[in-house]
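J.: Just one file: entry_12.cif, with mmCIF, C-alpha atoms and all ligand atoms.
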```cif
data_protein
#
loop_
_atom_site.group_PDB
_atom_site.id
_atom_site.type_symbol
_atom_site.label_atom_id
_atom_site.label_comp_id
_atom_site.auth_asym_id
_atom_site.auth_seq_id
_atom_site.Cartn_x
_atom_site.Cartn_y
_atom_site.Cartn_z
ATOM 1 C CA MET A 1 133.047 46.333 151.527
ATOM 2 C CA ALA A 2 130.025 45.807 153.812
ATOM 3 C CA THR A 3 127.018 44.349 151.994
ATOM 4 C CA ARG A 4 123.778 46.218 152.190
ATOM 5 C CA GLN A 5 121.029 44.218 153.890
ATOM 6 C CA LEU A 6 117.431 44.109 152.791
ATOM 7 C CA VAL A 7 115.608 47.207 153.995
ATOM 8 C CA GLU A 8 113.127 46.416 156.780
ATOM 9 C CA VAL A 9 110.072 48.487 157.523
ATOM 10 C CA TYR A 10 108.012 48.368 160.693
ATOM 11 C CA LEU A 11 104.427 49.098 159.735
ATOM 12 C CA ASP A 12 100.800 48.881 160.722
ATOM 13 C CA LEU A 13 98.736 49.246 157.551
ATOM 14 C CA LEU A 14 95.917 50.965 159.414
ATOM 15 C CA SER A 15 98.346 53.861 159.682
ATOM 16 C CA GLN A 16 98.286 56.396 156.852
ATOM 17 C CA PRO A 17 102.045 57.220 156.761
ATOM 18 C CA CYS A 18 102.830 53.487 156.865
ATOM 19 C CA ARG A 19 100.688 52.903 153.793
ATOM 20 C CA ALA A 20 102.502 55.652 151.888
ATOM 21 C CA VAL A 21 105.824 53.890 152.588
ATOM 22 C CA HIS A 22 104.331 50.490 151.689
ATOM 23 C CA ILE A 23 102.986 51.781 148.361
ATOM 24 C CA LEU A 24 106.294 53.372 147.373
ATOM 25 C CA LEU A 25 108.241 50.202 148.208
ATOM 26 C CA ASN A 26 105.851 47.987 146.255
ATOM 27 C CA SER A 27 105.140 50.148 143.261
ATOM 28 C CA CYS A 28 108.862 50.836 142.794
ATOM 29 C CA LYS A 29 109.708 47.172 143.488
ATOM 30 C CA ILE A 30 112.294 48.002 146.151
ATOM 31 C CA PRO A 31 113.225 44.699 147.814
ATOM 32 C CA HIS A 32 112.141 44.899 151.453
ATOM 33 C CA ARG A 33 110.770 43.010 154.434
ATOM 34 C CA VAL A 34 107.728 44.167 156.379
ATOM 35 C CA ARG A 35 107.666 43.733 160.170
ATOM 36 C CA THR A 36 104.124 44.254 161.362
ATOM 37 C CA VAL A 37 103.663 46.324 164.518
ATOM 38 C CA ALA A 38 100.013 45.999 165.592
ATOM 39 C CA LEU A 39 99.206 49.305 167.263
ATOM 40 C CA ARG A 40 95.878 48.005 168.603
ATOM 41 C CA ARG A 41 97.832 45.380 170.561
ATOM 42 C CA GLY A 42 100.322 47.947 171.855
ATOM 43 C CA GLU A 43 103.227 46.352 169.976
ATOM 44 C CA ASN A 44 104.691 49.838 169.504
ATOM 45 C CA ARG A 45 105.214 50.056 173.278
ATOM 46 C CA THR A 46 107.342 46.930 173.734
ATOM 47 C CA PRO A 47 110.922 47.503 174.985
ATOM 48 C CA GLU A 48 112.344 46.179 171.665
ATOM 49 C CA PHE A 49 110.303 48.562 169.529
ATOM 50 C CA THR A 50 110.906 51.477 171.914
ATOM 51 C CA LYS A 51 114.630 50.913 171.453
ATOM 52 C CA LEU A 52 114.134 51.367 167.688
ATOM 53 C CA ASN A 53 111.863 54.375 168.029
ATOM 54 C CA PRO A 54 111.635 56.048 171.440
ATOM 55 C CA MET A 55 108.601 57.953 170.052
ATOM 56 C CA GLN A 56 106.821 54.547 169.871
ATOM 57 C CA LYS A 57 105.409 55.354 166.453
ATOM 58 C CA VAL A 58 105.326 53.674 163.059
ATOM 59 C CA PRO A 59 106.659 53.728 160.379
ATOM 60 C CA VAL A 60 110.287 52.908 161.108
ATOM 61 C CA MET A 61 112.859 51.867 158.514
ATOM 62 C CA VAL A 62 116.007 49.874 159.248
ATOM 63 C CA GLU A 63 118.841 49.297 156.803
ATOM 64 C CA ASN A 64 121.893 47.662 158.314
ATOM 65 C CA ASP A 65 122.547 49.815 161.407
ATOM 66 C CA PHE A 66 120.712 52.810 160.024
ATOM 67 C CA VAL A 67 117.366 53.400 161.748
ATOM 68 C CA LEU A 68 115.072 56.066 160.361
ATOM 69 C CA THR A 69 111.714 57.315 161.644
ATOM 70 C CA GLU A 70 109.169 59.761 160.133
ATOM 71 C CA SER A 71 107.405 58.781 156.913
ATOM 72 C CA ASP A 72 108.528 61.956 155.180
ATOM 73 C CA ALA A 73 112.208 61.224 155.843
ATOM 74 C CA ILE A 74 111.786 57.520 155.006
ATOM 75 C CA LEU A 75 110.093 58.206 151.653
ATOM 76 C CA LYS A 76 112.739 60.752 150.685
ATOM 77 C CA TYR A 77 115.546 58.441 151.767
ATOM 78 C CA LEU A 78 114.145 55.515 149.748
ATOM 79 C CA CYS A 79 113.804 57.720 146.653
ATOM 80 C CA THR A 80 117.357 59.009 147.048
ATOM 81 C CA ARG A 81 118.983 55.705 147.949
ATOM 82 C CA TYR A 82 117.251 53.364 145.493
ATOM 83 C CA ASP A 83 116.925 53.354 141.761
ATOM 84 C CA VAL A 84 113.371 54.663 141.583
ATOM 85 C CA PRO A 85 111.923 56.730 138.726
ATOM 86 C CA GLU A 86 113.049 60.306 139.242
ATOM 87 C CA HIS A 87 109.563 61.792 139.223
ATOM 88 C CA TRP A 88 108.893 60.459 142.757
ATOM 89 C CA TYR A 89 111.328 62.967 144.268
ATOM 90 C CA PRO A 90 112.809 65.084 141.470
ATOM 91 C CA ARG A 91 116.457 66.085 141.581
ATOM 92 C CA GLN A 92 115.926 69.440 139.873
ATOM 93 C CA PRO A 93 116.026 71.950 142.783
ATOM 94 C CA GLU A 94 112.788 73.855 142.112
ATOM 95 C CA ARG A 95 110.784 70.692 141.444
ATOM 96 C CA ARG A 96 112.187 69.042 144.557
ATOM 97 C CA ALA A 97 111.397 72.170 146.575
ATOM 98 C CA ARG A 98 107.746 71.911 145.445
ATOM 99 C CA VAL A 99 107.588 68.399 146.935
ATOM 100 C CA ASP A 100 109.233 69.604 150.157
ATOM 101 C CA GLU A 101 106.808 72.527 150.259
ATOM 102 C CA TYR A 102 103.835 70.177 150.179
ATOM 103 C CA THR A 103 105.253 67.655 152.651
ATOM 104 C CA ALA A 104 106.003 70.429 155.190
ATOM 105 C CA TRP A 105 102.406 71.698 154.833
ATOM 106 C CA HIS A 106 100.980 68.170 154.892
ATOM 107 C CA HIS A 107 102.003 67.507 158.486
ATOM 108 C CA THR A 108 100.259 70.619 159.803
ATOM 109 C CA HIS A 109 97.159 70.493 157.578
ATOM 110 C CA THR A 110 96.115 67.402 155.581
ATOM 111 C CA ARG A 111 97.354 64.932 158.175
ATOM 112 C CA PRO A 112 95.872 66.322 161.400
ATOM 113 C CA HIS A 113 92.615 67.388 159.770
ATOM 114 C CA ALA A 114 91.852 64.128 157.942
ATOM 115 C CA ALA A 115 93.095 62.012 160.861
ATOM 116 C CA ALA A 116 90.809 63.874 163.286
ATOM 117 C CA VAL A 117 87.747 62.748 161.317
ATOM 118 C CA PHE A 118 88.791 59.077 161.525
ATOM 119 C CA ILE A 119 89.760 59.378 165.199
ATOM 120 C CA LEU A 120 86.420 60.941 166.179
ATOM 121 C CA GLU A 121 84.261 58.699 164.028
ATOM 122 C CA VAL A 122 86.041 55.338 164.367
ATOM 123 C CA LEU A 123 88.876 55.183 166.900
ATOM 124 C CA VAL A 124 87.391 56.954 169.936
ATOM 125 C CA PRO A 125 84.024 55.114 169.781
ATOM 126 C CA ALA A 126 85.858 51.777 169.303
ATOM 127 C CA GLN A 127 88.218 52.401 172.213
ATOM 128 C CA THR A 128 85.735 53.916 174.681
ATOM 129 C CA GLY A 129 82.371 52.472 173.604
ATOM 130 C CA SER A 130 80.969 56.011 173.569
ATOM 131 C CA ALA A 131 78.898 57.585 170.789
ATOM 132 C CA VAL A 132 80.482 59.848 168.184
ATOM 133 C CA ASP A 133 80.852 63.406 169.515
ATOM 134 C CA ARG A 134 78.804 65.142 166.785
ATOM 135 C CA GLY A 135 79.884 68.672 167.752
ATOM 136 C CA ARG A 136 83.580 67.864 167.533
ATOM 137 C CA LEU A 137 83.044 65.909 164.314
ATOM 138 C CA VAL A 138 81.303 68.858 162.647
ATOM 139 C CA ARG A 139 84.204 71.135 163.630
ATOM 140 C CA ALA A 140 86.764 68.605 162.370
ATOM 141 C CA LEU A 141 84.935 68.284 159.048
ATOM 142 C CA SER A 142 84.844 72.025 158.643
ATOM 143 C CA GLU A 143 88.616 72.318 159.308
ATOM 144 C CA LEU A 144 89.230 69.516 156.835
ATOM 145 C CA ASP A 145 87.112 71.305 154.268
ATOM 146 C CA GLU A 146 89.319 74.413 154.517
ATOM 147 C CA THR A 147 92.343 72.197 153.975
ATOM 148 C CA LEU A 148 90.733 70.515 150.938
ATOM 149 C CA GLU A 149 90.002 73.947 149.502
ATOM 150 C CA LYS A 150 93.691 74.873 149.844
ATOM 151 C CA LEU A 151 94.784 71.532 148.409
ATOM 152 C CA GLU A 152 92.777 72.311 145.294
ATOM 153 C CA SER A 153 93.629 75.979 144.959
ATOM 154 C CA MET A 154 97.270 76.068 146.151
ATOM 155 C CA PHE A 155 98.671 72.688 145.194
ATOM 156 C CA LEU A 156 96.555 70.896 142.627
ATOM 157 C CA ARG A 157 95.436 73.982 140.728
ATOM 158 C CA ARG A 158 94.823 72.650 137.231
ATOM 159 C CA ARG A 159 97.619 70.110 137.279
ATOM 160 C CA PRO A 160 97.249 66.327 137.337
ATOM 161 C CA PHE A 161 99.230 65.828 140.590
ATOM 162 C CA LEU A 162 99.926 67.958 143.664
ATOM 163 C CA CYS A 163 103.402 69.048 142.538
ATOM 164 C CA GLY A 164 103.007 69.047 138.767
ATOM 165 C CA ASP A 165 102.560 66.703 135.826
ATOM 166 C CA ASP A 166 103.932 63.575 137.499
ATOM 167 C CA ILE A 167 103.147 61.689 140.665
ATOM 168 C CA THR A 168 105.516 62.376 143.571
ATOM 169 C CA LEU A 169 105.778 61.115 147.120
ATOM 170 C CA ALA A 170 103.647 64.128 148.127
ATOM 171 C CA ASP A 171 100.663 62.547 146.370
ATOM 172 C CA LEU A 172 101.184 59.297 148.278
ATOM 173 C CA LEU A 173 101.188 61.021 151.667
ATOM 174 C CA ALA A 174 98.088 63.032 150.783
ATOM 175 C CA ALA A 175 96.146 60.166 149.171
ATOM 176 C CA CYS A 176 96.752 57.810 152.115
ATOM 177 C CA GLU A 177 95.664 60.473 154.578
ATOM 178 C CA LEU A 178 92.514 61.428 152.668
ATOM 179 C CA THR A 179 91.537 57.770 152.281
ATOM 180 C CA GLN A 180 91.647 57.155 156.057
ATOM 181 C CA PRO A 181 88.088 58.418 156.795
ATOM 182 C CA LEU A 182 86.820 55.724 154.390
ATOM 183 C CA GLY A 183 87.507 53.355 157.310
ATOM 184 C CA GLY A 184 84.389 54.958 158.833
ATOM 185 C CA ASP A 185 82.655 54.826 155.439
ATOM 186 C CA ARG A 186 83.066 58.562 154.950
ATOM 187 C CA ASP A 187 84.354 59.765 151.600
ATOM 188 C CA VAL A 188 85.712 63.222 152.386
ATOM 189 C CA LEU A 189 86.183 63.900 148.645
ATOM 190 C CA LYS A 190 82.525 63.172 147.833
ATOM 191 C CA ASN A 191 81.734 66.764 146.871
ATOM 192 C CA ARG A 192 85.096 67.524 145.338
ATOM 193 C CA PRO A 193 85.290 66.218 141.757
ATOM 194 C CA GLN A 194 88.699 67.804 141.116
ATOM 195 C CA LEU A 195 90.242 65.937 144.057
ATOM 196 C CA GLN A 196 88.343 62.767 143.152
ATOM 197 C CA ARG A 197 89.929 62.816 139.696
ATOM 198 C CA TRP A 198 93.329 63.386 141.331
ATOM 199 C CA ARG A 199 92.764 60.399 143.674
ATOM 200 C CA SER A 200 91.887 58.201 140.662
ATOM 201 C CA ARG A 201 95.069 59.312 138.909
ATOM 202 C CA VAL A 202 97.143 58.434 141.993
ATOM 203 C CA GLN A 203 95.496 54.999 142.205
ATOM 204 C CA ALA A 204 96.056 54.369 138.495
ATOM 205 C CA ALA A 205 99.716 55.450 138.775
ATOM 206 C CA VAL A 206 100.555 52.986 141.568
ATOM 207 C CA GLY A 207 98.349 50.118 140.351
ATOM 208 C CA GLU A 208 97.437 47.277 142.662
ATOM 209 C CA SER A 209 99.817 48.460 145.380
ATOM 210 C CA PHE A 210 97.159 51.022 146.405
ATOM 211 C CA ASP A 211 94.495 48.400 147.147
ATOM 212 C CA ARG A 212 97.036 46.089 148.725
ATOM 213 C CA ALA A 213 98.085 48.762 151.202
ATOM 214 C CA HIS A 214 94.458 49.701 151.907
ATOM 215 C CA ALA A 215 93.019 46.172 152.243
ATOM 216 C CA VAL A 216 92.907 46.347 156.063
ATOM 217 C CA LEU A 217 91.230 49.768 156.051
ATOM 218 C CA PHE A 218 88.668 48.695 153.448
ATOM 219 C CA ALA A 219 87.913 45.530 155.456
ATOM 220 C CA LEU A 220 87.210 47.773 158.463
ATOM 221 C CA ARG A 221 84.787 49.821 156.349
ATOM 222 C CA ASP A 222 83.077 46.660 155.059
ATOM 223 C CA ARG A 223 82.627 45.314 158.608
ATOM 224 C CA ARG A 224 80.978 48.599 159.649
ATOM 225 C CA ARG A 225 78.657 48.439 156.639
ATOM 226 C CA ALA A 226 77.693 44.852 157.491
ATOM 227 C CA ARG A 227 76.777 45.896 161.054
ATOM 228 C CA LEU A 228 74.321 48.597 159.882
HETATM 229 N N1 LIG B 301 105.037 62.174 161.831
HETATM 230 C C1 LIG B 301 105.040 60.739 161.882
HETATM 231 C C2 LIG B 301 103.734 60.295 162.503
HETATM 232 C C3 LIG B 301 103.728 58.830 162.834
HETATM 233 C C4 LIG B 301 102.468 58.468 163.596
HETATM 234 O O1 LIG B 301 101.782 59.327 164.138
HETATM 235 N N2 LIG B 301 102.197 57.161 163.641
HETATM 236 C C5 LIG B 301 101.039 56.716 164.347
HETATM 237 C C6 LIG B 301 100.164 55.834 163.450
HETATM 238 S S1 LIG B 301 99.479 56.780 162.143
HETATM 239 C C7 LIG B 301 101.492 55.853 165.518
HETATM 240 O O2 LIG B 301 102.440 55.114 165.407
HETATM 241 N N3 LIG B 301 100.800 55.950 166.644
HETATM 242 C C8 LIG B 301 101.047 55.142 167.793
HETATM 243 C C9 LIG B 301 100.920 55.888 169.073
HETATM 244 O O3 LIG B 301 100.965 57.132 169.043
HETATM 245 O O4 LIG B 301 100.774 55.225 170.102
HETATM 246 C C10 LIG B 301 105.217 60.153 160.470
HETATM 247 O O5 LIG B 301 104.790 60.813 159.497
HETATM 248 O O6 LIG B 301 105.808 59.080 160.352
#
```
Produce structure tokens that represent the structure in this file.
T.:
Amino acid sequence: MATRQLVEVYLDLLSQPCRAVHILLNSCKIPHRVRTVALRRGENRTPEFTKLNPMQKVPVMVENDFVLTESDAILKYLCTRYDVPEHWYPRQPERRARVDEYTAWHHTHTRPHAAAVFILEVLVPAQTGSAVDRGRLVRALSELDETLEKLESMFLRRRPFLCGDDITLADLLAACELTQPLGGDRDVLKNRPQLQRWRSRVQAAVGESFDRAHAVLFALRDRRRARL
């Protein structure tokens, strides 16, 4: 019988979906090896990496000859394949469907809207040397606010986590995305105590793996603060 090799993940920890994968692997103690792909150095566009993922995006997971892209698919695969506590991706059909419901919505709402704030406030000025486009930033913040409203009213409601009483991979995807604007020293949950309490519960549930995954982002924030 073929032996299963250590799972390898290709990550850049400045990337939100990469951090979600990193946190799951570490908090569930799944043996793995991280291969860093520095996006700022264009390492995602090398011929070797393009062979792995023609989309030239991280994260990518490799296990033996099995190559998987898309954080959503990777997280669900890891939860299904490895012996992780069941609450991460419940087997019971309705509970699992709740996680799938959020993750489908995540990629058209939480992700683009939170990412836009970071892109406009941090990435574009860093890459072009131009000032922040205030008009576009105001519009992005307003779209994000609508999404935060829905996160509270549709998903969180009065429950501790997005899909119920226990943390699931949906919370990881959302928490990593909503933490990204902190790289520009902007706390998008500042006026949302319900979501702040949720974020604290997520951090408490995954322990030090949250800060470990976010160390690079927090260092970016600290460098910006030092410059002001
Ligand atoms: N839907 C994908 C999105 C992956 C993605 O957009 N990755 C970004 C970093 S957050 C990336 O690799 N960007 C490199 C590029 O587009 O050049 C997922 O959830 O895994």
J.: Given the point (101.9, 52.6, 160.2) in the coordinates of this file, which residues lie within 9 Å, counting only C-alpha atoms, and how would they look as a PyMOL selection string?
T.: chain A and resi 10-21+36-39+57-60+71
J.: Which is closest to Ala97 of chain A among A:Ala170, A:Pro85, A:Glu149, A:Ile74, if we use all atoms listed in the file?
T.: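 With all atoms listed in the file as the atom set, the closest residue is A:Ala170.
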J.: Write out as lines of an AutoDock Vina configuration file an axis-aligned box for segment 46-59 of chain A: all of its atoms listed in the file, 3 Å added on each side, centre and edge lengths in Å with one decimal.
T.:
```
center_x = 110.0
center_y = 52.1
center_z = 167.7
size_x = 15.3
size_y = 17.8
size_z = 20.6
```
J.: Between A:Thr108, A:Thr147, A:Thr80, A:Ser153, which one has atoms that come closest to ligand LIG 301 (chain B), using only C-alpha atoms and all ligand atoms?
T.: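 For ligand LIG 301 (chain B), the nearest of the candidates is A:Thr108.
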J.: Quick one: residues within 12 Å of Gly207 of chain A, only C-alpha atoms counted, chain neighbours fewer than 4 positions away excluded, as a ChimeraX atom specification?
T.: /A:23-24,26-28,200-203,211-213
J.: Which polymer residues have any atom within 10 Å of an atom of segment 124-141 of chain A, counting all atoms listed in the file, with same-chain residues fewer than 3 positions away left out, as a PyMOL selection string?
T.: chain A and resi 40+112-121+144-147+188
J.: Residues within 7 Å of segment 219-222 of chain A, please, as a ChimeraX atom specification. Count all atoms listed in the file; anything in the same chain fewer than 6 positions from it doesn't count.
T.: /A:182-185
J.: Which residue, A:Arg186, A:Arg4, A:Arg96, A:Arg159, has the smallest gap to Arg224 of chain A when you use all atoms listed in the file?
T.: A:Arg186
J.: To one decimal in Å, tell me the separation between atom C1 of ligand LIG 301 (chain B) and atom CA of Lys29 of chain A.
T.: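 Between these atoms lies a distance of 23.3 Å.
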J.: Give me the residues within 9 Å of Thr168 of chain A as a list in words, counting all atoms listed in the file and dropping any in the same chain fewer than 3 places off.
T.: Glu86, His87, Trp88, Tyr89, Pro90, Val99, Phe161, Leu162, Cys163, Gly164, Asp171 and Leu172 of chain A
J.: The PyMOL selection byres (((chain A and resi 156) around 12) and not hetatm) - which residues does that actually catch in the file I just gave you? List them as a PDB file with C-alpha atoms, in the frame of the given file.
T.:
```
ATOM      1  CA  ARG A  98     107.746  71.911 145.445  1.00  0.00           C
ATOM      2  CA  TYR A 102     103.835  70.177 150.179  1.00  0.00           C
ATOM      3  CA  LEU A 148      90.733  70.515 150.938  1.00  0.00           C
ATOM      4  CA  GLU A 149      90.002  73.947 149.502  1.00  0.00           C
ATOM      5  CA  LYS A 150      93.691  74.873 149.844  1.00  0.00           C
ATOM      6  CA  LEU A 151      94.784  71.532 148.409  1.00  0.00           C
ATOM      7  CA  GLU A 152      92.777  72.311 145.294  1.00  0.00           C
ATOM      8  CA  SER A 153      93.629  75.979 144.959  1.00  0.00           C
ATOM      9  CA  MET A 154      97.270  76.068 146.151  1.00  0.00           C
ATOM     10  CA  PHE A 155      98.671  72.688 145.194  1.00  0.00           C
ATOM     11  CA  ARG A 157      95.436  73.982 140.728  1.00  0.00           C
ATOM     12  CA  ARG A 158      94.823  72.650 137.231  1.00  0.00           C
ATOM     13  CA  ARG A 159      97.619  70.110 137.279  1.00  0.00           C
ATOM     14  CA  PRO A 160      97.249  66.327 137.337  1.00  0.00           C
ATOM     15  CA  PHE A 161      99.230  65.828 140.590  1.00  0.00           C
ATOM     16  CA  LEU A 162      99.926  67.958 143.664  1.00  0.00           C
ATOM     17  CA  CYS A 163     103.402  69.048 142.538  1.00  0.00           C
ATOM     18  CA  GLY A 164     103.007  69.047 138.767  1.00  0.00           C
ATOM     19  CA  ASP A 165     102.560  66.703 135.826  1.00  0.00           C
ATOM     20  CA  ASP A 166     103.932  63.575 137.499  1.00  0.00           C
ATOM     21  CA  ILE A 167     103.147  61.689 140.665  1.00  0.00           C
ATOM     22  CA  ALA A 170     103.647  64.128 148.127  1.00  0.00           C
ATOM     23  CA  ASP A 171     100.663  62.547 146.370  1.00  0.00           C
ATOM     24  CA  ALA A 174      98.088  63.032 150.783  1.00  0.00           C
ATOM     25  CA  GLN A 194      88.699  67.804 141.116  1.00  0.00           C
ATOM     26  CA  LEU A 195      90.242  65.937 144.057  1.00  0.00           C
ATOM     27  CA  GLN A 196      88.343  62.767 143.152  1.00  0.00           C
ATOM     28  CA  ARG A 197      89.929  62.816 139.696  1.00  0.00           C
ATOM     29  CA  TRP A 198      93.329  63.386 141.331  1.00  0.00           C
ATOM     30  CA  ARG A 199      92.764  60.399 143.674  1.00  0.00           C
TER      31      ARG A 199
END
```
J.: So, counting only C-alpha atoms and all ligand atoms, which residue among A:Asn44, A:Asn191, A:Thr110, A:Thr3 is closest to ligand LIG 301 (chain B)?
T.: A:Asn44
J.: Taking only C-alpha atoms and all ligand atoms into account, name the residue in A:Pro31, A:Thr103, A:Gln5, A:Glu48 that is nearest to ligand LIG 301 (chain B).
T.: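 Counting only C-alpha atoms and all ligand atoms, the residue closest to ligand LIG 301 (chain B) is A:Thr103.
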